[in-house]
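Heads up, coords_11.txt below (compact mmCIF, C-alpha atoms):
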# COMPACT_ATOMS: atom_id res chain seq x y z
CA MET E 1 13.14 4.60 -45.39
CA ILE E 2 11.76 2.45 -42.53
CA PHE E 3 10.37 5.34 -40.50
CA SER E 4 8.36 6.88 -43.30
CA MET E 5 5.41 9.18 -42.76
CA LYS E 6 3.03 6.42 -43.76
CA ASN E 7 4.57 3.89 -41.39
CA ALA E 8 4.62 6.38 -38.52
CA THR E 9 0.92 7.14 -38.96
CA LYS E 10 0.12 3.43 -39.11
CA TRP E 11 2.03 2.66 -35.90
CA ARG E 12 0.45 5.60 -34.09
CA HIS E 13 -3.02 4.33 -34.95
CA VAL E 14 -2.17 0.75 -33.92
CA SER E 15 -0.64 1.90 -30.62
CA SER E 16 -3.67 4.12 -29.97
CA ALA E 17 -5.97 1.13 -30.38
CA VAL E 18 -3.80 -0.82 -27.93
CA SER E 19 -3.92 2.08 -25.46
CA VAL E 20 -7.71 2.27 -25.61
CA PHE E 21 -8.00 -1.51 -25.15
CA LEU E 22 -5.68 -1.44 -22.12
CA MET E 23 -7.64 1.42 -20.60
CA LEU E 24 -10.96 -0.41 -21.03
CA PHE E 25 -9.45 -3.58 -19.57
CA SER E 26 -8.11 -1.59 -16.60
CA LEU E 27 -11.56 -0.09 -15.98
CA PHE E 28 -13.06 -3.59 -16.08
CA MET E 29 -10.56 -4.83 -13.48
CA LEU E 30 -11.21 -1.81 -11.27
CA PHE E 31 -14.97 -2.39 -11.24
CA ASN E 32 -14.67 -6.17 -11.07
CA LYS E 33 -11.96 -6.67 -8.43
CA GLY E 34 -11.39 -3.23 -6.91
CA LEU E 35 -8.23 -2.03 -5.16
CA ASN E 36 -6.58 -3.86 -2.29
CA LEU E 37 -6.44 -0.86 0.02
CA GLY E 38 -3.61 -0.82 2.56
CA LEU E 39 -3.74 -0.04 6.25
CA ASP E 40 -3.40 3.67 5.46
CA PHE E 41 -6.97 3.56 4.16
CA THR E 42 -8.58 0.65 6.02
CA GLY E 43 -7.04 1.02 9.47
CA GLY E 44 -4.92 -1.50 11.39
CA VAL E 45 -2.17 -1.91 13.96
CA VAL E 46 1.31 -0.36 13.97
CA SER E 47 3.94 -1.75 16.36
CA GLU E 48 7.56 -0.77 16.89
CA VAL E 49 9.92 -3.44 18.21
CA GLN E 50 13.57 -3.77 19.12
CA LEU E 51 15.27 -7.06 18.19
CA ASN E 52 18.73 -8.49 17.82
CA ASN E 53 20.48 -6.54 15.06
CA ARG E 54 21.36 -9.78 13.23
CA ILE E 55 17.69 -10.53 12.51
CA THR E 56 16.47 -9.49 9.04
CA SER E 57 13.06 -8.64 7.63
CA SER E 58 13.04 -11.89 5.62
CA GLU E 59 12.98 -13.75 8.94
CA ILE E 60 10.39 -11.52 10.63
CA GLU E 61 7.79 -11.29 7.85
CA PRO E 62 6.93 -14.99 7.27
CA LEU E 63 6.78 -15.66 11.02
CA LEU E 64 4.27 -12.85 11.59
CA LYS E 65 2.20 -13.77 8.52
CA ALA E 66 1.85 -17.32 9.77
CA GLY E 67 0.87 -16.21 13.27
CA LEU E 68 -1.46 -13.35 12.36
CA HIS E 69 -2.94 -14.93 9.21
CA ALA E 70 -2.69 -11.56 7.46
CA ASP E 71 -0.27 -9.55 5.35
CA VAL E 72 2.41 -7.79 7.37
CA THR E 73 4.62 -4.89 6.32
CA VAL E 74 8.05 -4.85 7.95
CA ILE E 75 9.85 -1.50 7.77
CA SER E 76 13.32 -0.70 9.07
CA THR E 77 13.55 2.53 11.06
CA GLY E 78 17.23 2.98 10.23
CA ASP E 79 18.34 2.19 13.78
CA SER E 80 20.05 -1.15 14.31
CA GLY E 81 17.53 -3.85 15.22
CA ARG E 82 14.51 -1.53 15.34
CA TRP E 83 11.52 -2.36 13.11
CA VAL E 84 8.06 -0.97 12.45
CA LEU E 85 5.41 -3.64 11.88
CA ARG E 86 2.08 -2.87 10.20
CA TYR E 87 -0.74 -5.40 10.07
CA ALA E 88 -4.53 -5.65 10.10
CA GLU E 89 -6.64 -6.41 13.15
CA PRO E 90 -8.33 -9.86 13.26
CA GLN E 91 -11.58 -9.79 11.29
CA ASP E 92 -13.27 -12.51 13.37
CA GLY E 93 -13.17 -10.47 16.58
CA SER E 94 -10.57 -12.70 18.24
CA GLU E 95 -7.88 -11.25 20.47
CA LEU E 96 -4.66 -10.06 18.89
CA ILE E 97 -1.71 -12.34 19.62
CA PRO E 98 1.13 -10.40 21.31
CA ILE E 99 3.95 -9.56 18.91
CA GLY E 100 6.54 -10.60 21.46
CA GLN E 101 5.04 -14.07 21.61
CA LEU E 102 5.07 -14.45 17.82
CA LEU E 103 8.69 -13.31 17.49
CA ALA E 104 9.95 -15.35 20.44
CA PRO E 105 11.50 -18.08 18.20
CA LEU E 106 13.81 -15.43 16.71
CA ASP E 107 14.94 -13.63 19.84
CA SER E 108 14.43 -14.23 23.53
CA ASN E 109 15.03 -10.56 24.35
CA ILE E 110 12.27 -8.70 22.44
CA GLU E 111 11.23 -5.19 23.40
CA VAL E 112 7.89 -3.87 22.11
CA LEU E 113 8.46 -0.11 22.16
CA ASN E 114 4.93 1.00 21.28
CA THR E 115 1.74 -0.16 19.61
CA SER E 116 -0.93 2.07 18.09
CA ILE E 117 -4.16 1.36 16.26
CA VAL E 118 -5.23 3.27 13.14
CA GLY E 119 -9.02 3.25 13.25
CA PRO E 120 -11.23 2.82 10.18
CA GLN E 121 -12.48 6.39 10.60
CA VAL E 122 -8.96 7.72 10.02
CA GLY E 123 -8.59 5.36 7.07
CA GLN E 124 -11.83 6.59 5.53
CA GLU E 125 -10.70 10.19 5.94
CA LEU E 126 -7.42 9.41 4.18
CA SER E 127 -9.33 7.72 1.34
CA GLU E 128 -11.54 10.76 0.87
CA GLN E 129 -8.61 13.17 1.00
CA GLY E 130 -6.65 11.04 -1.48
CA ALA E 131 -9.58 10.98 -3.92
CA ILE E 132 -10.02 14.74 -3.57
CA ALA E 133 -6.28 15.30 -4.20
CA LEU E 134 -6.50 13.20 -7.36
CA MET E 135 -9.58 15.04 -8.65
CA VAL E 136 -8.20 18.49 -7.86
CA SER E 137 -4.97 17.64 -9.67
CA MET E 138 -6.87 16.43 -12.74
CA PHE E 139 -9.11 19.51 -12.74
CA SER E 140 -6.14 21.88 -12.42
CA ILE E 141 -4.34 20.12 -15.27
CA MET E 142 -7.48 20.32 -17.41
CA LEU E 143 -7.69 24.08 -16.85
CA TYR E 144 -4.02 24.52 -17.70
CA LEU E 145 -4.28 22.50 -20.92
CA SER E 146 -7.43 24.37 -21.96
CA PHE E 147 -5.63 27.67 -21.51
CA ARG E 148 -2.41 26.65 -23.26
CA PHE E 149 -3.62 24.63 -26.28
CA GLU E 150 -6.40 24.56 -28.82
CA TRP E 151 -9.12 22.28 -27.41
CA ARG E 152 -8.42 19.37 -29.77
CA LEU E 153 -4.77 19.29 -28.80
CA ALA E 154 -5.62 19.76 -25.13
CA LEU E 155 -8.09 16.88 -25.29
CA GLY E 156 -5.41 14.54 -26.62
CA SER E 157 -3.04 15.39 -23.76
CA LEU E 158 -5.81 15.03 -21.17
CA PHE E 159 -6.89 11.67 -22.55
CA ALA E 160 -3.29 10.41 -22.48
CA LEU E 161 -2.99 11.54 -18.86
CA THR E 162 -6.26 9.84 -17.88
CA HIS E 163 -5.13 6.68 -19.66
CA ASP E 164 -1.95 6.51 -17.55
CA VAL E 165 -3.76 6.94 -14.23
CA ILE E 166 -6.42 4.36 -15.09
CA PHE E 167 -3.82 1.87 -16.29
CA ILE E 168 -1.86 2.08 -13.01
CA LEU E 169 -5.04 1.64 -10.97
CA GLY E 170 -6.09 -1.26 -13.19
CA PHE E 171 -2.72 -2.97 -12.72
CA PHE E 172 -3.04 -2.75 -8.93
CA ALA E 173 -6.60 -4.08 -9.16
CA LEU E 174 -5.45 -7.00 -11.36
CA THR E 175 -2.49 -7.99 -9.20
CA GLN E 176 -4.16 -7.05 -5.89
CA MET E 177 -0.95 -5.40 -4.73
CA GLU E 178 -1.48 -3.19 -1.70
CA PHE E 179 -2.62 0.32 -2.62
CA ASN E 180 -1.38 2.71 0.06
CA LEU E 181 -0.38 6.35 0.42
CA THR E 182 3.02 5.82 -1.23
CA VAL E 183 1.30 4.38 -4.33
CA LEU E 184 -1.08 7.35 -4.37
CA ALA E 185 1.95 9.65 -4.25
CA ALA E 186 3.40 7.76 -7.22
CA VAL E 187 0.16 8.22 -9.18
CA LEU E 188 0.26 11.98 -8.56
CA ALA E 189 3.94 12.08 -9.60
CA ILE E 190 3.17 10.17 -12.81
CA MET E 191 0.48 12.70 -13.68
CA GLY E 192 3.13 15.40 -13.72
CA TYR E 193 5.59 13.25 -15.67
CA SER E 194 3.04 12.25 -18.31
CA LEU E 195 1.83 15.84 -18.64
CA ASN E 196 5.38 17.04 -19.28
CA ASP E 197 5.83 14.53 -22.11
CA SER E 198 2.48 15.41 -23.68
CA ILE E 199 3.14 19.17 -23.51
CA ILE E 200 6.51 18.87 -25.26
CA ILE E 201 5.02 16.90 -28.16
CA SER E 202 1.91 19.11 -28.32
CA ASP E 203 4.08 22.24 -28.43
CA ARG E 204 5.97 20.83 -31.38
CA ILE E 205 2.73 19.91 -33.18
CA ARG E 206 1.44 23.43 -32.70
CA GLU E 207 4.74 24.86 -33.93
CA ASN E 208 4.58 22.69 -37.07
CA LEU E 209 1.01 23.75 -37.82
CA ILE E 210 1.87 27.45 -37.43
CA THR E 211 5.22 27.57 -39.26
CA LYS E 212 4.34 25.02 -41.95
CA PRO E 213 0.65 25.47 -42.74
CA PHE E 214 0.96 23.34 -45.89
CA LEU E 215 1.56 20.21 -43.78
CA SER E 216 -1.31 17.87 -43.08
CA ILE E 217 -2.08 17.06 -39.46
CA GLN E 218 -0.66 13.54 -39.99
CA GLU E 219 2.66 14.96 -41.20
CA ALA E 220 2.73 17.54 -38.39
CA ASN E 221 2.17 14.80 -35.79
CA ASN E 222 4.81 12.52 -37.26
CA ASN E 223 7.36 15.34 -37.51
CA ALA E 224 6.68 16.29 -33.88
CA ILE E 225 7.21 12.71 -32.70
CA ARG E 226 10.36 12.33 -34.78
CA SER E 227 11.92 15.58 -33.54
CA THR E 228 11.22 14.78 -29.87
CA PHE E 229 11.89 11.03 -30.02
CA THR E 230 15.55 11.16 -28.92
CA ARG E 231 14.77 13.52 -26.05
CA THR E 232 11.85 11.34 -24.94
CA MET E 233 13.87 8.12 -24.99
CA ILE E 234 16.80 9.64 -23.07
CA THR E 235 14.52 11.17 -20.43
CA SER E 236 12.42 8.03 -20.02
CA GLY E 237 15.47 5.76 -20.06
CA THR E 238 17.37 7.62 -17.35
CA THR E 239 14.25 7.91 -15.20
CA LEU E 240 13.53 4.20 -15.59
CA MET E 241 17.10 3.40 -14.51
CA THR E 242 16.59 5.35 -11.30
CA VAL E 243 13.18 3.84 -10.60
CA GLY E 244 14.53 0.39 -11.48
CA ALA E 245 17.28 0.78 -8.89
CA LEU E 246 14.67 1.84 -6.35
CA TRP E 247 12.55 -1.17 -7.32
CA LEU E 248 15.43 -3.63 -6.85
CA LEU E 249 17.09 -2.11 -3.79
CA GLY E 250 14.26 -0.28 -2.01
CA GLY E 251 12.74 -3.40 -0.47
CA GLY E 252 9.14 -4.20 0.41
CA PRO E 253 8.10 -0.79 1.82
CA LEU E 254 8.87 0.93 -1.52
CA ALA E 255 7.74 -1.91 -3.81
CA GLY E 256 4.32 -0.39 -4.51
CA PHE E 257 5.74 3.10 -5.11
CA SER E 258 8.51 1.95 -7.47
CA THR E 259 6.15 -0.42 -9.33
CA ALA E 260 3.62 2.35 -9.94
CA MET E 261 6.37 4.75 -11.04
CA PHE E 262 7.91 2.20 -13.42
CA ILE E 263 4.58 1.36 -15.06
CA GLY E 264 3.55 5.02 -15.19
CA ILE E 265 6.75 6.12 -16.95
CA VAL E 266 6.40 3.40 -19.59
CA THR E 267 2.70 4.04 -20.24
CA GLY E 268 3.19 7.82 -20.02
CA THR E 269 5.78 7.73 -22.78
CA PHE E 270 3.66 5.32 -24.83
CA SER E 271 0.41 7.27 -24.53
CA SER E 272 2.00 10.65 -25.30
CA VAL E 273 2.98 9.47 -28.78
CA SER E 274 -0.14 7.40 -29.40
CA VAL E 275 -3.52 8.70 -28.19
CA GLY E 276 -2.01 12.08 -27.32
CA THR E 277 -1.36 12.75 -31.01
CA THR E 278 -3.99 10.58 -32.70
CA LEU E 279 -7.02 12.05 -30.90
CA PRO E 280 -6.47 15.64 -32.19
CA GLU E 281 -6.06 14.13 -35.65
CA LEU E 282 -9.40 12.32 -35.38
CA PHE E 283 -11.11 15.51 -34.23
CA GLY E 284 -9.85 17.34 -37.32
CA LEU E 285 -7.12 19.61 -35.99
CA ARG E 286 -5.65 21.68 -38.85
CA SER E 287 -3.28 24.60 -39.35
CA GLU E 288 -6.30 26.85 -40.00
CA HIS E 289 -7.17 26.65 -36.31
CA TYR E 290 -4.00 28.62 -35.49
CA VAL E 291 -4.50 31.37 -38.06
CA VAL E 292 -5.16 34.68 -36.32
CA LYS E 293 -8.29 36.19 -37.80
CA PRO E 294 -8.16 39.97 -38.36
CA LEU E 295 -10.57 42.09 -36.35
CA SER E 296 -13.57 43.30 -38.29
CA THR E 297 -13.48 47.02 -39.16
CA GLU E 298 -17.12 47.22 -40.12
CA PRO E 299 -19.22 49.56 -38.00
Can you turn what I pasted into structure tokens?
Amino acid sequence: MIFSMKNATKWRHVSSAVSVFLMLFSLFMLFNKGLNLGLDFTGGVVSEVQLNNRITSSEIEPLLKAGLHADVTVISTGDSGRWVLRYAEPQDGSELIPIGQLLAPLDSNIEVLNTSIVGPQVGQELSEQGAIALMVSMFSIMLYLSFRFEWRLALGSLFALTHDVIFILGFFALTQMEFNLTVLAAVLAIMGYSLNDSIIISDRIRENLITKPFLSIQEANNNAIRSTFTRTMITSGTTLMTVGALWLLGGGPLAGFSTAMFIGIVTGTFSSVSVGTTLPELFGLRSEHYVVKPLSTEP
């Protein structure tokens, strides 16, 4: 039998080593390169313009990038010919070139509806609030896992969750893709998705240890993975199809969100069956830890 107990244990250990390596590499990239924070966190300029409805974002974006010498995000408002443009202020202190002047080659009748500046103070406040939201979520999840599972099993789920978050952040540090509020929302969503996967497998491990105390922890882990494998693949597969469609059809404004979601779903599924199950095994989780000890009747 290809998927024997011995083979399953071997692959779990190998995949756990890969997970730890990827997490360490992601931490290195985070400290070495850092995140390319978007205008939500650093501040910048937001302009809304009305153009000819035949003009597309693929025509607007390269023209503005060449004129402003900075990355530009072009977002459709849903109304015909109306666009929201987001870009950074000049770092050298020079005056900002009027948007109408830059877009003149595309349309002679350009209407700049409004322009607003997001100051660095607002960006710093958003950064602090985003970090607090991430830490509060992690702390709440840690409390929940500590209450629901024996600490060895809870530690495995928490480590798998931390691995997923760090890997997403490391990927954005490596590629220097813009990290904005939509990506932060994706990270928070992935935390919930990864936690759900880990809880399902951990519940089955606990059930195996309670109902079949003669099983070793290796056998209990492998049985739990085997019994939840079909469910995990179907759930992850259908979710990836949805996120993949969003990735392909959502355009530039949703590229960061869909990328983070896609990576998070893959790593969340991977880590739940690797470090999420191997760590409790290394810490010596056994069926004896779920035996209810009788209360002492001695005076």
Between E:Ala66, E:Ile166, E:Ala88, E:Leu113, which is the closest to Phe28 of chain E once you count all atoms listed in the file?
->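 For Phe28 of chain E, the nearest of the candidates is E:Ile166.
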With 3 Å on each side, where is the centre of the axis-aligned box around all listed atoms of segment 222-239 of chain E, and how long are its edges in Å to one decimal, as JSON?
{"center_x": 11.1, "center_y": 11.0, "center_z": -26.4, "size_x": 18.6, "size_y": 16.5, "size_z": 28.3}
Write out as a list of chain:residue names each polymer residue whose atoms come within 10 Å of Val18 of chain E, counting all atoms listed in the file; drop sequence neighbours fewer than 5 positions from it.
->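 Residues meeting the cut-off are E:Arg12, E:His13, E:Met23, E:Leu24, E:Ser271, E:Ser274, E:Val275.
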So how far away is atom CA of Pro280 of chain E from atom CA of Arg152 of chain E, in Å?
-> 4.9 Å
Nearest-residue call for Gly81 of chain E, choices E:Asn53, E:Gln218, E:Ser194, E:Thr230, using only C-alpha atoms |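 Of all the options, E:Asn53 lies closest to Gly81 of chain E.
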Using all atoms listed in the file, which residue out of E:Asn208, E:Thr259, E:Ser47, E:Thr9 lies closest to Phe171 of chain E?
->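 Of E:Asn208, E:Thr259, E:Ser47, E:Thr9, the one nearest Phe171 of chain E is E:Thr259, counting all atoms listed in the file.
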Do you have the atom CA of Val49 of chain E-atom CA of Ala186 of chain E distance handy?
->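 Here the two named atoms are 28.5 Å from each other.
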Determine the nearest neighbour of Leu35 of chain E from the options E:Ile168, E:Ile190, E:Ala173, E:Leu240, counting all atoms listed in the file.
-> E:Ala173
If we count only C-alpha atoms, what is near Gln50 of chain E at a cut-off of 8 Å, once residues fewer than 2 positions away on the same chain are taken out, given as a PyMOL selection string?
-> chain E and resi 48+52+81-83+110-113
Looking at E:Phe159, E:Phe283, E:Phe167, E:Phe229, which one is nearest to Leu22 of chain E, with distances taken over only C-alpha atoms?
->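 Nearest to Leu22 of chain E: E:Phe167.
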Write out as an MDAnalysis selection string which residues come within 12 Å of Met261 of chain E when counting all atoms listed in the file, dropping same-chain ones fewer than 6 positions away.
-> chainID E and resid 164:165 167:169 182:194 236 239:247 254:255 267:268
Long-range neighbours of Leu279 of chain E as number ranges by chain, 8 Å cut-off, only C-alpha atoms, 5 positions minimum in chain | E: 152-153, 155-156
Have a look at E:Val20, E:Leu285, E:Leu249, E:Ile75 and name the one nearest to Leu209 of chain E; count only C-alpha atoms.
->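 Distance minimum relative to Leu209 of chain E lands on E:Leu285.
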Is there a way to get, as a PDB file with C-alpha atoms, in the coordinates of the input, all residues within 12 Å of the point (-9.5, 12.7, -10.1) in file coordinates, counting only C-alpha atoms?
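Now in result.pdb:
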ATOM      1  CA  GLU E 128     -11.540  10.760   0.870  1.00  0.00           C
ATOM      2  CA  GLN E 129      -8.610  13.170   1.000  1.00  0.00           C
ATOM      3  CA  GLY E 130      -6.650  11.040  -1.480  1.00  0.00           C
ATOM      4  CA  ALA E 131      -9.580  10.980  -3.920  1.00  0.00           C
ATOM      5  CA  ILE E 132     -10.020  14.740  -3.570  1.00  0.00           C
ATOM      6  CA  ALA E 133      -6.280  15.300  -4.200  1.00  0.00           C
ATOM      7  CA  LEU E 134      -6.500  13.200  -7.360  1.00  0.00           C
ATOM      8  CA  MET E 135      -9.580  15.040  -8.650  1.00  0.00           C
ATOM      9  CA  VAL E 136      -8.200  18.490  -7.860  1.00  0.00           C
ATOM     10  CA  SER E 137      -4.970  17.640  -9.670  1.00  0.00           C
ATOM     11  CA  MET E 138      -6.870  16.430 -12.740  1.00  0.00           C
ATOM     12  CA  PHE E 139      -9.110  19.510 -12.740  1.00  0.00           C
ATOM     13  CA  SER E 140      -6.140  21.880 -12.420  1.00  0.00           C
ATOM     14  CA  ILE E 141      -4.340  20.120 -15.270  1.00  0.00           C
ATOM     15  CA  MET E 142      -7.480  20.320 -17.410  1.00  0.00           C
ATOM     16  CA  LEU E 158      -5.810  15.030 -21.170  1.00  0.00           C
ATOM     17  CA  LEU E 161      -2.990  11.540 -18.860  1.00  0.00           C
ATOM     18  CA  THR E 162      -6.260   9.840 -17.880  1.00  0.00           C
ATOM     19  CA  VAL E 165      -3.760   6.940 -14.230  1.00  0.00           C
ATOM     20  CA  ILE E 166      -6.420   4.360 -15.090  1.00  0.00           C
ATOM     21  CA  LEU E 169      -5.040   1.640 -10.970  1.00  0.00           C
ATOM     22  CA  LEU E 184      -1.080   7.350  -4.370  1.00  0.00           C
ATOM     23  CA  VAL E 187       0.160   8.220  -9.180  1.00  0.00           C
ATOM     24  CA  LEU E 188       0.260  11.980  -8.560  1.00  0.00           C
ATOM     25  CA  MET E 191       0.480  12.700 -13.680  1.00  0.00           C
TER      26      MET E 191
END
